[in-house]
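Below: one structure, written as structure tokens.
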Amino acid sequence: MRILATGGAGYVGSATVRSLISQGHQVTVYDNLSKGHRASVPAEILITGDIADADQLQQTLTEHQIEAVIHFAAFIAVGESTEHPNIYYQNNIANSLTLLEAMRRTGVQKLLFSSTAAVYAPIETGSLTEDSPKAPDSPYAFSKFAIERMIQDFSQAYGLGYTILRYFNACGADPQGRFGENHNPETHLIPLILQVPLGQRQNIGVFGQDYNTPDGTCIRDYVHVDDLADAHVRAIMAIEPGSSHTYNIGTGQGHSVLEVIQAAEQVVGQKIPHQFLPRRPGDTTRLVAQAQKLRKELAWNPKYTDLKDIIATAWQWHKNHPNGYDD
Ligand code: UFG
């Protein structure tokens with residue numbers, strides 16, 4: 001299939017692009033490189049462009065005879081979104097509308113969209129199904145929820161076929177250590193933990209110790225980026241004009257922040273000191289997926305089920321690239 005990946009030079013995007021290419025798809029990456037990395041994708045498939053640019057988008061869709069779009073391009077930091085909602089509403093919501101319009105005008109009928117578990121209402125126990133109540137509270141979460149709605153409305157009105165994937169906590173790296181997580185600034189737990197054994201920070205701050213969980217720290221569902229990528233490959237193949245699907249992507253297992261630190265200690269073979277800090281605004285007690293639907297309908301079967309194996313791939317990447325990509 002001829003596929004356009006907006007934001008395809010980002011962390012999850014570039015992992016998916018590698019999987020798609022390995023399966024024989026013809027992929028074009030469309031990325032403004034504001035967050036993505038040139039070195040994470042083959043140079044010959046990268047178009048440096050912004051999803052705000054309707055003309056360049058339409059030209060790209062037409063020239064490359066694109067049959068399906070995977071829309072990764074978005075800002076993803078919850079905290080930043082509360083300080084600067086304007087850029088989240090512009091980049092995530094308004095520019096996604098520009099993309100949907102460009103697709104409509106050029107007759108591209110298939111869309112796979114990267115959404116987030118942050119759209120769900122908070123839970124204290126159990127796990128989240130795709131039908132669990134929604135209550136996106138940060139501008140980031142709301143922006144993703146609004147895009148979901150725009151996509152549904154475009155599907156109803158114009159026959160767009162779509163699949164929405166709600167990610168839980170993406171983590172890990174290419175097992176050969178060539179590609180991995182590199183956000184700037186980094187806000188994610190696993191790369192920050194690994195900065196301690198790399199000698200880049202003295203300890204890891206733990207945001208909150210009074211959550212309603214067995215050890216008082218937040219629980220998340222950590223899913224390896226290559227398993228996420230595999231879900232995208234399966235999902236894009238299954239989209240038909242007019243079809244509509246929504247799936248959680250998570251392992252179904254929850255780990256507290258302290259458990260992640262302990263697992264990292266086992267992987268790197270040294271103690272990783274932590275200090276408790278106040279709760280981080282916007283964090284929720286528990287995000288754990290019910291991902292049966294994805295397993296059942298798309299035969300998705302995550303390869304990484306042990307958190308230590310996931311962290312080992314991240315450790316390999318960060319050891320090889322202590323300052324991330326060089327670009
Ligand atoms: N945490 C710490 N210390 C840190 C960083 C994180 O204790 O220095 C904790 C957080 O409080 C949270 C857990 O580690 O409990 C995971 O935090 P991350 O920042 O790694 O991930 P989040 O769960 O906050 O966010 C992820 C994505 C978001 C998305 C969200 C819900 O990065 O884009 O999942 O889908 F919105």
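Convention: chains lettered A, B, ... in structure tokens order; per-chain residue numbering from 1; ligands numbered from 1 as shown.
Every residue of segment 157-231 of chain A found in strand (DSSP E) when DSSP is run on the backbone appears here: A:Gly161, A:Tyr162, A:Thr163, A:Ile164, A:Leu165, A:Arg166, A:Tyr167, A:Asn169, A:Ala170, A:Cys171, A:Ile204, A:Gly205, A:Val206, A:Phe207, A:Ile219, A:Arg220, A:Tyr222, A:Val223, A:His224.
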List every residue of chain A that has an atom at most 9 Å from any atom of ligand 1, and for each one report the closest atom pair and its distance in Å to one decimal, counting only C-alpha atoms and all ligand atoms, with rows sorted by chain and then by increasing residue number, as CSV.
```
residue,atom,partner,partner_atom_place_in_ligand_line,distance
A:Phe75,CA,ligand 1,33 (O),8.3
A:Ile76,CA,ligand 1,33 (O),4.5
A:Ala77,CA,ligand 1,33 (O),5.6
A:Val78,CA,ligand 1,36 (F),6.0
A:Gly79,CA,ligand 1,24 (O),9.0
A:Ser115,CA,ligand 1,35 (O),8.0
A:Thr116,CA,ligand 1,35 (O),4.4
A:Ala117,CA,ligand 1,35 (O),4.0
A:Ala118,CA,ligand 1,31 (C),4.1
A:Val119,CA,ligand 1,35 (O),7.5
A:Tyr120,CA,ligand 1,35 (O),8.9
A:Ser138,CA,ligand 1,36 (F),8.8
A:Tyr140,CA,ligand 1,36 (F),7.1
A:Ala141,CA,ligand 1,36 (F),6.4
A:Arg166,CA,ligand 1,35 (O),7.5
A:Tyr167,CA,ligand 1,35 (O),5.9
A:Phe168,CA,ligand 1,35 (O),4.9
A:Asn169,CA,ligand 1,34 (O),5.0
A:Ala170,CA,ligand 1,27 (C),7.2
A:Cys171,CA,ligand 1,20 (O),8.3
A:Glu186,CA,ligand 1,19 (O),8.6
A:Thr187,CA,ligand 1,19 (O),5.2
A:His188,CA,ligand 1,20 (O),3.3
A:Leu189,CA,ligand 1,20 (O),3.9
A:Ile190,CA,ligand 1,20 (O),6.5
A:Pro191,CA,ligand 1,20 (O),8.3
A:Leu192,CA,ligand 1,8 (O),6.0
A:Ile193,CA,ligand 1,8 (O),7.4
A:Ile204,CA,ligand 1,8 (O),6.1
A:Gly205,CA,ligand 1,3 (N),5.0
A:Val206,CA,ligand 1,7 (O),3.5
A:Phe207,CA,ligand 1,7 (O),4.0
A:Gly208,CA,ligand 1,7 (O),7.0
A:Thr217,CA,ligand 1,15 (O),6.9
A:Cys218,CA,ligand 1,15 (O),4.3
A:Ile219,CA,ligand 1,15 (O),6.2
A:Arg220,CA,ligand 1,23 (O),6.2
A:Asp221,CA,ligand 1,23 (O),8.4
A:Tyr222,CA,ligand 1,16 (C),8.8
A:Ser256,CA,ligand 1,15 (O),7.5
A:Val257,CA,ligand 1,14 (O),5.4
A:Leu258,CA,ligand 1,7 (O),8.3
A:Val260,CA,ligand 1,14 (O),8.6
A:Phe276,CA,ligand 1,7 (O),8.1
A:Leu277,CA,ligand 1,7 (O),8.0
A:Arg279,CA,ligand 1,11 (O),7.0
A:Arg280,CA,ligand 1,11 (O),5.9
A:Pro281,CA,ligand 1,11 (O),8.7
A:Gly282,CA,ligand 1,24 (O),7.9
A:Asp283,CA,ligand 1,11 (O),5.7
A:Thr284,CA,ligand 1,15 (O),7.1
A:Thr285,CA,ligand 1,15 (O),7.2
A:Arg286,CA,ligand 1,15 (O),8.0
A:Leu287,CA,ligand 1,31 (C),7.4
```
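The smallest atom-to-atom distance between Gly107 of chain A and any of A:Pro214, A:Lys293, A:Pro241, A:Lys35, using only C-alpha atoms, is found for A:Pro241.
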Measuring atom to atom with only C-alpha atoms, identify which of A:His84, A:Asn91, A:Val12, A:Arg105 is nearest to Asp55 of chain A.
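Distance minimum relative to Asp55 of chain A lands on A:Arg105.
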Enumerate, in order of chain and increasing residue number, the residues of segment 208-266 of chain A with an atom no farther than 8 Å from segment 124-129 of chain A, each with its shortest atom pair and distance in Å to one decimal, counting only C-alpha atoms, as JSON lines.
```
{"residue": "A:Asn212", "atom": "CA", "partner": "A:Glu124", "partner_atom": "CA", "distance": 6.9}
{"residue": "A:Thr213", "atom": "CA", "partner": "A:Glu124", "partner_atom": "CA", "distance": 7.9}
{"residue": "A:Asn248", "atom": "CA", "partner": "A:Thr129", "partner_atom": "CA", "distance": 7.3}
{"residue": "A:Gly252", "atom": "CA", "partner": "A:Ser127", "partner_atom": "CA", "distance": 7.4}
```
Nearest residue to Ser19 of chain A from the set A:Val225, A:Ala157, A:Ile311, A:Val268 (distances using only C-alpha atoms):
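Once distances to Ser19 of chain A are computed over only C-alpha atoms, the minimum belongs to A:Val225.
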Would you please give, as a short mmCIF file (atom, residue, chain, number, x, y, z; two decimals) with N, CA, C and O atoms, in the first residue's frame, all residues of segment 6-201 of chain A that DSSP assigns to helix (DSSP H, G or I) based on the backbone?
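The file below, selection20.cif, is the result:
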```cif
data_model
loop_
_atom_site.label_atom_id
_atom_site.label_comp_id
_atom_site.auth_asym_id
_atom_site.auth_seq_id
_atom_site.Cartn_x
_atom_site.Cartn_y
_atom_site.Cartn_z
N TYR A 11 8.94 9.18 17.48
CA TYR A 11 9.30 7.92 18.18
C TYR A 11 8.43 6.74 17.70
O TYR A 11 8.95 5.75 17.16
N VAL A 12 7.12 6.85 17.86
CA VAL A 12 6.25 5.74 17.42
C VAL A 12 6.15 5.73 15.90
O VAL A 12 6.15 4.67 15.27
N GLY A 13 6.12 6.91 15.30
CA GLY A 13 6.02 7.00 13.85
C GLY A 13 7.15 6.28 13.15
O GLY A 13 6.92 5.46 12.25
N SER A 14 8.39 6.55 13.56
CA SER A 14 9.52 5.96 12.84
C SER A 14 9.59 4.45 13.07
O SER A 14 9.98 3.70 12.17
N ALA A 15 9.19 3.98 14.24
CA ALA A 15 9.15 2.52 14.47
C ALA A 15 8.13 1.88 13.54
O ALA A 15 8.36 0.81 12.97
N THR A 16 6.99 2.55 13.37
CA THR A 16 5.95 2.02 12.48
C THR A 16 6.41 2.04 11.03
O THR A 16 6.18 1.09 10.28
N VAL A 17 7.07 3.12 10.66
CA VAL A 17 7.58 3.23 9.28
C VAL A 17 8.53 2.07 8.99
O VAL A 17 8.45 1.43 7.93
N ARG A 18 9.40 1.74 9.92
CA ARG A 18 10.32 0.61 9.71
C ARG A 18 9.55 -0.70 9.52
O ARG A 18 9.86 -1.50 8.65
N SER A 19 8.52 -0.90 10.34
CA SER A 19 7.72 -2.13 10.20
C SER A 19 7.00 -2.17 8.86
O SER A 19 6.95 -3.21 8.21
N LEU A 20 6.44 -1.04 8.46
CA LEU A 20 5.71 -1.00 7.19
C LEU A 20 6.65 -1.31 6.03
O LEU A 20 6.31 -2.07 5.12
N ILE A 21 7.83 -0.70 6.05
CA ILE A 21 8.79 -0.92 4.96
C ILE A 21 9.20 -2.39 4.93
O ILE A 21 9.27 -3.00 3.86
N SER A 22 9.42 -2.96 6.12
CA SER A 22 9.85 -4.37 6.15
C SER A 22 8.76 -5.30 5.60
O SER A 22 9.04 -6.41 5.18
N ARG A 38 15.53 13.52 11.80
CA ARG A 38 15.91 13.16 10.43
C ARG A 38 16.56 11.78 10.38
O ARG A 38 16.29 10.98 9.49
N ALA A 39 17.40 11.50 11.37
CA ALA A 39 18.17 10.26 11.35
C ALA A 39 17.32 9.02 11.64
O ALA A 39 17.81 7.90 11.54
N SER A 40 16.05 9.22 12.01
CA SER A 40 15.24 8.06 12.39
C SER A 40 14.52 7.42 11.21
O SER A 40 13.87 6.39 11.37
N ALA A 43 16.45 8.80 4.38
CA ALA A 43 16.39 10.15 3.81
C ALA A 43 15.51 10.21 2.56
O ALA A 43 14.80 11.20 2.34
N GLU A 44 15.52 9.14 1.76
CA GLU A 44 14.83 9.21 0.47
C GLU A 44 13.30 9.17 0.61
O GLU A 44 12.59 9.46 -0.35
N ILE A 45 12.79 8.85 1.78
CA ILE A 45 11.32 8.83 1.92
C ILE A 45 10.80 10.02 2.74
O ILE A 45 9.60 10.14 2.96
N ALA A 54 -1.75 23.29 3.73
CA ALA A 54 -2.74 22.53 2.97
C ALA A 54 -2.26 22.23 1.55
O ALA A 54 -2.47 21.13 1.02
N ASP A 55 -1.60 23.22 0.93
CA ASP A 55 -1.15 23.03 -0.46
C ASP A 55 -0.10 21.93 -0.56
O ASP A 55 -0.18 21.05 -1.42
N GLN A 56 0.88 21.99 0.34
CA GLN A 56 1.95 20.97 0.27
C GLN A 56 1.38 19.58 0.60
O GLN A 56 1.77 18.58 0.01
N LEU A 57 0.43 19.55 1.53
CA LEU A 57 -0.19 18.27 1.87
C LEU A 57 -0.91 17.67 0.66
O LEU A 57 -0.73 16.51 0.32
N GLN A 58 -1.72 18.50 0.03
CA GLN A 58 -2.49 18.00 -1.12
C GLN A 58 -1.58 17.56 -2.25
O GLN A 58 -1.80 16.53 -2.88
N GLN A 59 -0.54 18.35 -2.47
CA GLN A 59 0.41 18.01 -3.53
C GLN A 59 1.09 16.67 -3.22
O GLN A 59 1.25 15.82 -4.08
N THR A 60 1.45 16.48 -1.96
CA THR A 60 2.13 15.24 -1.57
C THR A 60 1.19 14.05 -1.73
O THR A 60 1.58 13.01 -2.27
N LEU A 61 -0.05 14.20 -1.27
CA LEU A 61 -1.02 13.10 -1.38
C LEU A 61 -1.22 12.71 -2.85
O LEU A 61 -1.30 11.52 -3.18
N THR A 62 -1.27 13.72 -3.70
CA THR A 62 -1.52 13.45 -5.12
C THR A 62 -0.28 12.87 -5.79
O THR A 62 -0.35 11.82 -6.44
N GLU A 63 0.85 13.55 -5.62
CA GLU A 63 2.07 13.12 -6.33
C GLU A 63 2.49 11.71 -5.96
O GLU A 63 2.97 10.95 -6.79
N VAL A 78 1.45 16.57 28.26
CA VAL A 78 0.27 16.99 29.02
C VAL A 78 0.53 18.32 29.75
O VAL A 78 -0.27 19.25 29.66
N GLY A 79 1.67 18.39 30.45
CA GLY A 79 1.98 19.60 31.23
C GLY A 79 2.09 20.82 30.35
O GLY A 79 1.49 21.87 30.63
N GLU A 80 2.82 20.69 29.24
CA GLU A 80 2.98 21.81 28.31
C GLU A 80 1.63 22.27 27.77
O GLU A 80 1.39 23.46 27.57
N SER A 81 0.73 21.29 27.57
CA SER A 81 -0.57 21.64 26.98
C SER A 81 -1.41 22.50 27.93
O SER A 81 -2.25 23.26 27.47
N THR A 82 -1.16 22.36 29.25
CA THR A 82 -1.92 23.21 30.17
C THR A 82 -1.32 24.63 30.21
O THR A 82 -2.04 25.60 30.44
N GLU A 83 -0.02 24.74 29.93
CA GLU A 83 0.61 26.07 29.89
C GLU A 83 0.36 26.77 28.56
O GLU A 83 0.27 27.98 28.50
N PRO A 85 -2.14 26.00 25.83
CA PRO A 85 -3.22 25.31 25.09
C PRO A 85 -3.32 25.78 23.65
O PRO A 85 -3.71 25.02 22.77
N ASN A 86 -2.92 27.05 23.41
CA ASN A 86 -3.04 27.58 22.05
C ASN A 86 -2.29 26.72 21.04
O ASN A 86 -2.82 26.39 19.97
N ILE A 87 -1.06 26.30 21.36
CA ILE A 87 -0.31 25.53 20.36
C ILE A 87 -0.86 24.12 20.22
O ILE A 87 -0.77 23.51 19.17
N TYR A 88 -1.49 23.60 21.29
CA TYR A 88 -2.10 22.27 21.18
C TYR A 88 -3.35 22.32 20.32
O TYR A 88 -3.60 21.44 19.50
N TYR A 89 -4.15 23.37 20.53
CA TYR A 89 -5.36 23.48 19.71
C TYR A 89 -5.00 23.76 18.25
O TYR A 89 -5.64 23.26 17.33
N GLN A 90 -3.95 24.56 18.04
CA GLN A 90 -3.54 24.85 16.66
C GLN A 90 -2.94 23.61 16.00
O GLN A 90 -3.41 23.14 14.97
N ASN A 91 -1.88 23.09 16.62
CA ASN A 91 -1.13 22.02 15.96
C ASN A 91 -1.94 20.72 15.92
O ASN A 91 -1.96 20.03 14.90
N ASN A 92 -2.58 20.39 17.02
CA ASN A 92 -3.27 19.11 17.05
C ASN A 92 -4.65 19.19 16.39
O ASN A 92 -4.93 18.40 15.49
N ILE A 93 -5.47 20.14 16.83
CA ILE A 93 -6.85 20.14 16.31
C ILE A 93 -6.92 20.82 14.94
O ILE A 93 -7.34 20.22 13.95
N ALA A 94 -6.52 22.08 14.87
CA ALA A 94 -6.71 22.83 13.61
C ALA A 94 -5.94 22.17 12.47
O ALA A 94 -6.46 22.00 11.37
N ASN A 95 -4.70 21.76 12.73
CA ASN A 95 -3.91 21.19 11.64
C ASN A 95 -4.38 19.79 11.26
O ASN A 95 -4.22 19.37 10.11
N SER A 96 -4.99 19.08 12.20
CA SER A 96 -5.59 17.79 11.82
C SER A 96 -6.78 17.99 10.89
O SER A 96 -7.02 17.19 9.98
N LEU A 97 -7.51 19.07 11.13
CA LEU A 97 -8.62 19.39 10.22
C LEU A 97 -8.09 19.69 8.82
O LEU A 97 -8.66 19.26 7.81
N THR A 98 -6.96 20.40 8.77
CA THR A 98 -6.33 20.68 7.46
C THR A 98 -5.98 19.37 6.76
O THR A 98 -6.20 19.21 5.56
N LEU A 99 -5.47 18.44 7.53
CA LEU A 99 -5.12 17.13 6.95
C LEU A 99 -6.37 16.41 6.44
O LEU A 99 -6.40 15.87 5.32
N LEU A 100 -7.41 16.38 7.27
CA LEU A 100 -8.66 15.70 6.87
C LEU A 100 -9.23 16.33 5.60
O LEU A 100 -9.71 15.62 4.70
N GLU A 101 -9.16 17.65 5.52
CA GLU A 101 -9.66 18.34 4.33
C GLU A 101 -8.82 17.99 3.11
O GLU A 101 -9.35 17.76 2.02
N ALA A 102 -7.50 17.95 3.29
CA ALA A 102 -6.62 17.61 2.16
C ALA A 102 -6.93 16.19 1.68
O ALA A 102 -6.96 15.92 0.48
N MET A 103 -7.19 15.29 2.62
CA MET A 103 -7.54 13.91 2.24
C MET A 103 -8.87 13.88 1.50
O MET A 103 -9.03 13.19 0.50
N ARG A 104 -9.83 14.64 2.01
CA ARG A 104 -11.15 14.66 1.36
C ARG A 104 -11.05 15.18 -0.06
O ARG A 104 -11.59 14.61 -0.99
N ARG A 105 -10.29 16.26 -0.21
CA ARG A 105 -10.19 16.90 -1.54
C ARG A 105 -9.45 16.01 -2.54
O ARG A 105 -9.69 16.10 -3.73
N THR A 106 -8.51 15.20 -2.03
CA THR A 106 -7.72 14.37 -2.96
C THR A 106 -8.26 12.93 -3.02
O THR A 106 -7.66 12.08 -3.68
N ALA A 117 -4.70 6.99 25.67
CA ALA A 117 -5.48 6.55 26.83
C ALA A 117 -5.89 7.73 27.71
O ALA A 117 -6.75 7.58 28.58
N ALA A 118 -5.28 8.89 27.46
CA ALA A 118 -5.63 10.07 28.26
C ALA A 118 -7.06 10.55 28.00
O ALA A 118 -7.55 11.42 28.72
N VAL A 119 -7.74 9.99 27.01
CA VAL A 119 -9.14 10.42 26.76
C VAL A 119 -10.10 9.83 27.80
O VAL A 119 -11.21 10.32 27.96
N PRO A 139 -5.68 19.96 27.97
CA PRO A 139 -5.83 20.37 26.57
C PRO A 139 -5.28 19.33 25.60
O PRO A 139 -5.84 19.10 24.53
N TYR A 140 -4.18 18.65 26.00
CA TYR A 140 -3.63 17.60 25.14
C TYR A 140 -4.67 16.50 24.91
O TYR A 140 -4.98 16.12 23.78
N ALA A 141 -5.21 15.97 26.03
CA ALA A 141 -6.17 14.88 25.93
C ALA A 141 -7.41 15.33 25.16
O ALA A 141 -7.94 14.59 24.31
N PHE A 142 -7.85 16.55 25.46
CA PHE A 142 -9.04 17.05 24.76
C PHE A 142 -8.78 17.18 23.27
O PHE A 142 -9.64 16.90 22.44
N SER A 143 -7.54 17.60 22.92
CA SER A 143 -7.24 17.77 21.48
C SER A 143 -7.34 16.42 20.77
O SER A 143 -7.87 16.33 19.66
N LYS A 144 -6.86 15.36 21.40
CA LYS A 144 -6.93 14.03 20.77
C LYS A 144 -8.40 13.58 20.65
O LYS A 144 -8.80 12.99 19.65
N PHE A 145 -9.16 13.87 21.70
CA PHE A 145 -10.57 13.47 21.71
C PHE A 145 -11.33 14.22 20.61
O PHE A 145 -12.17 13.65 19.90
N ALA A 146 -10.99 15.50 20.46
CA ALA A 146 -11.66 16.31 19.42
C ALA A 146 -11.32 15.77 18.03
O ALA A 146 -12.18 15.72 17.14
N ILE A 147 -10.07 15.35 17.85
CA ILE A 147 -9.69 14.81 16.53
C ILE A 147 -10.45 13.50 16.27
O ILE A 147 -10.93 13.26 15.17
N GLU A 148 -10.56 12.68 17.32
CA GLU A 148 -11.35 11.44 17.16
C GLU A 148 -12.74 11.78 16.62
O GLU A 148 -13.26 11.14 15.70
N ARG A 149 -13.33 12.81 17.22
CA ARG A 149 -14.69 13.20 16.84
C ARG A 149 -14.74 13.73 15.40
O ARG A 149 -15.65 13.40 14.63
N MET A 150 -13.74 14.53 15.04
CA MET A 150 -13.70 15.05 13.66
C MET A 150 -13.62 13.90 12.67
O MET A 150 -14.29 13.90 11.63
N ILE A 151 -12.80 12.91 13.01
CA ILE A 151 -12.63 11.76 12.11
C ILE A 151 -13.96 11.02 11.97
O ILE A 151 -14.37 10.63 10.87
N GLN A 152 -14.64 10.81 13.11
CA GLN A 152 -15.94 10.11 13.06
C GLN A 152 -16.93 10.88 12.19
O GLN A 152 -17.66 10.29 11.39
N ASP A 153 -16.92 12.19 12.33
CA ASP A 153 -17.87 13.00 11.55
C ASP A 153 -17.52 12.97 10.07
O ASP A 153 -18.41 12.92 9.22
N PHE A 154 -16.22 12.99 9.75
CA PHE A 154 -15.81 12.90 8.34
C PHE A 154 -16.19 11.52 7.77
O PHE A 154 -16.54 11.40 6.60
N SER A 155 -16.11 10.53 8.61
CA SER A 155 -16.48 9.18 8.15
C SER A 155 -17.97 9.14 7.80
O SER A 155 -18.36 8.66 6.74
N GLN A 156 -18.79 9.67 8.73
CA GLN A 156 -20.24 9.68 8.52
C GLN A 156 -20.61 10.46 7.27
O GLN A 156 -21.43 10.02 6.47
N ALA A 157 -20.00 11.63 7.13
CA ALA A 157 -20.42 12.53 6.05
C ALA A 157 -19.79 12.19 4.71
O ALA A 157 -20.44 12.32 3.67
N TYR A 158 -18.52 11.77 4.74
CA TYR A 158 -17.80 11.63 3.46
C TYR A 158 -17.28 10.22 3.21
O TYR A 158 -16.52 10.00 2.27
N LEU A 189 8.99 8.49 31.86
CA LEU A 189 9.60 7.85 33.03
C LEU A 189 10.84 7.02 32.69
O LEU A 189 11.89 7.19 33.31
N ILE A 190 10.74 6.10 31.73
CA ILE A 190 11.84 5.15 31.53
C ILE A 190 13.12 5.85 31.06
O ILE A 190 14.19 5.63 31.65
N PRO A 191 13.07 6.72 30.04
CA PRO A 191 14.33 7.41 29.68
C PRO A 191 14.90 8.24 30.81
O PRO A 191 16.13 8.31 30.96
N LEU A 192 14.02 8.83 31.63
CA LEU A 192 14.54 9.64 32.75
C LEU A 192 15.20 8.75 33.80
O LEU A 192 16.24 9.10 34.36
N ILE A 193 14.60 7.58 34.07
CA ILE A 193 15.23 6.64 35.02
C ILE A 193 16.62 6.26 34.52
O ILE A 193 17.59 6.24 35.29
N LEU A 194 16.72 6.00 33.22
CA LEU A 194 18.00 5.51 32.67
C LEU A 194 19.07 6.60 32.62
O LEU A 194 20.25 6.30 32.48
#
```
Which residue, A:Ser132, A:Thr48, A:Asn320, A:Thr28, has the smallest gap to Val69 of chain A when you use only C-alpha atoms?
A:Thr28
Given only C-alpha atoms as the counted atoms, nearest of A:Gln266, A:Asn323, A:Asn184, A:Gln275 to Asp309 of chain A:
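Smallest separation from Asp309 of chain A among the options: A:Gln266.
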Between A:Leu33, A:Pro136, A:Met237, A:Leu165, which has the minimum distance to Ala68 of chain A (counting only C-alpha atoms)?
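Closest residue, counting only C-alpha atoms: A:Met237.
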Fewer than 6 positions away in the same chain doesn't count, so skip those; otherwise give me all residues within 9 Å of Lys110 of chain A, counting only C-alpha atoms, as a PyMOL selection string.
chain A and resi 67-70+103+160-163+236+239-243
Prev. selection, N, CA, C and O atoms, output as a compact mmCIF listing (two decimals), in the first residue's frame:
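This is the output file part_18.txt:
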```
# COMPACT_ATOMS: atom_id res chain seq x y z
N GLU A 67 -2.66 6.10 -0.73
CA GLU A 67 -3.92 5.36 -0.54
C GLU A 67 -4.41 5.44 0.91
O GLU A 67 -5.60 5.27 1.19
N ALA A 68 -3.47 5.63 1.85
CA ALA A 68 -3.85 5.67 3.27
C ALA A 68 -2.89 6.59 4.02
O ALA A 68 -1.71 6.69 3.65
N VAL A 69 -3.42 7.23 5.05
CA VAL A 69 -2.60 8.13 5.88
C VAL A 69 -2.56 7.57 7.30
O VAL A 69 -3.58 7.12 7.83
N ILE A 70 -1.37 7.59 7.90
CA ILE A 70 -1.26 7.36 9.34
C ILE A 70 -0.87 8.69 9.96
O ILE A 70 0.16 9.27 9.61
N MET A 103 -7.19 15.29 2.62
CA MET A 103 -7.54 13.91 2.24
C MET A 103 -8.87 13.88 1.50
O MET A 103 -9.03 13.19 0.50
N LEU A 160 -15.13 8.39 4.91
CA LEU A 160 -13.76 8.08 5.30
C LEU A 160 -13.72 6.77 6.10
O LEU A 160 -14.52 6.57 7.01
N GLY A 161 -12.79 5.89 5.75
CA GLY A 161 -12.58 4.68 6.56
C GLY A 161 -11.48 4.98 7.58
O GLY A 161 -10.46 5.55 7.22
N TYR A 162 -11.71 4.60 8.84
CA TYR A 162 -10.70 4.98 9.84
C TYR A 162 -10.53 3.92 10.91
O TYR A 162 -11.44 3.12 11.18
N THR A 163 -9.35 3.95 11.51
CA THR A 163 -9.12 3.24 12.76
C THR A 163 -8.40 4.18 13.72
O THR A 163 -7.46 4.87 13.33
N ILE A 236 -3.74 -0.85 9.62
CA ILE A 236 -3.85 -0.13 8.33
C ILE A 236 -4.32 -1.08 7.23
O ILE A 236 -5.09 -0.70 6.35
N ILE A 239 -8.25 -1.47 7.16
CA ILE A 239 -9.19 -0.36 6.92
C ILE A 239 -9.77 -0.46 5.51
O ILE A 239 -9.06 -0.70 4.55
N GLU A 240 -11.07 -0.27 5.45
CA GLU A 240 -11.78 -0.22 4.16
C GLU A 240 -12.45 1.15 4.09
O GLU A 240 -12.77 1.72 5.13
N PRO A 241 -12.73 1.66 2.88
CA PRO A 241 -13.50 2.91 2.82
C PRO A 241 -14.79 2.77 3.64
O PRO A 241 -15.50 1.78 3.51
N GLY A 242 -15.03 3.72 4.53
CA GLY A 242 -16.25 3.70 5.34
C GLY A 242 -16.16 2.89 6.61
O GLY A 242 -17.04 2.97 7.47
N SER A 243 -15.09 2.07 6.79
CA SER A 243 -15.03 1.25 8.01
C SER A 243 -14.62 2.12 9.21
O SER A 243 -13.98 3.15 9.04
```
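The space between atom CA of Ala135 of chain A and atom CA of Gly254 of chain A spans 20.6 Å.
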Can you tell me how far atom CA of Asp210 of chain A sits from atom CA of Thr251 of chain A, in Å to one decimal?
25.1 Å
Set the distance at 8 Å and use only C-alpha atoms: which residues neighbour Leu298 of chain A once local chain neighbours fewer than 5 positions away are removed? I'd like the list as a ChimeraX atom specification.
/A:231,234-235,293
Please produce a file of the residues just selected, as a PDB file, in the first residue's frame, where the atoms kept are N, CA, C and O atoms.
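Wrote it out as selection_32.pdb, contents follow:
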```
ATOM      1  N   ALA A 231       0.940  -3.247  15.677  1.00  0.00           N
ATOM      2  CA  ALA A 231      -0.511  -2.986  15.705  1.00  0.00           C
ATOM      3  C   ALA A 231      -0.910  -2.053  14.564  1.00  0.00           C
ATOM      4  O   ALA A 231      -1.966  -2.221  13.940  1.00  0.00           O
ATOM      5  N   ARG A 234      -1.006  -3.984  11.223  1.00  0.00           N
ATOM      6  CA  ARG A 234      -2.231  -4.794  11.136  1.00  0.00           C
ATOM      7  C   ARG A 234      -3.456  -3.905  10.906  1.00  0.00           C
ATOM      8  O   ARG A 234      -4.333  -4.238  10.104  1.00  0.00           O
ATOM      9  N   ALA A 235      -3.510  -2.799  11.629  1.00  0.00           N
ATOM     10  CA  ALA A 235      -4.699  -1.938  11.551  1.00  0.00           C
ATOM     11  C   ALA A 235      -4.840  -1.297  10.181  1.00  0.00           C
ATOM     12  O   ALA A 235      -5.949  -1.229   9.634  1.00  0.00           O
ATOM     13  N   LYS A 293      -9.727  -6.559  22.435  1.00  0.00           N
ATOM     14  CA  LYS A 293     -10.352  -6.296  21.134  1.00  0.00           C
ATOM     15  C   LYS A 293      -9.292  -6.342  20.022  1.00  0.00           C
ATOM     16  O   LYS A 293      -9.498  -6.946  18.972  1.00  0.00           O
TER      17      LYS A 293
END
```
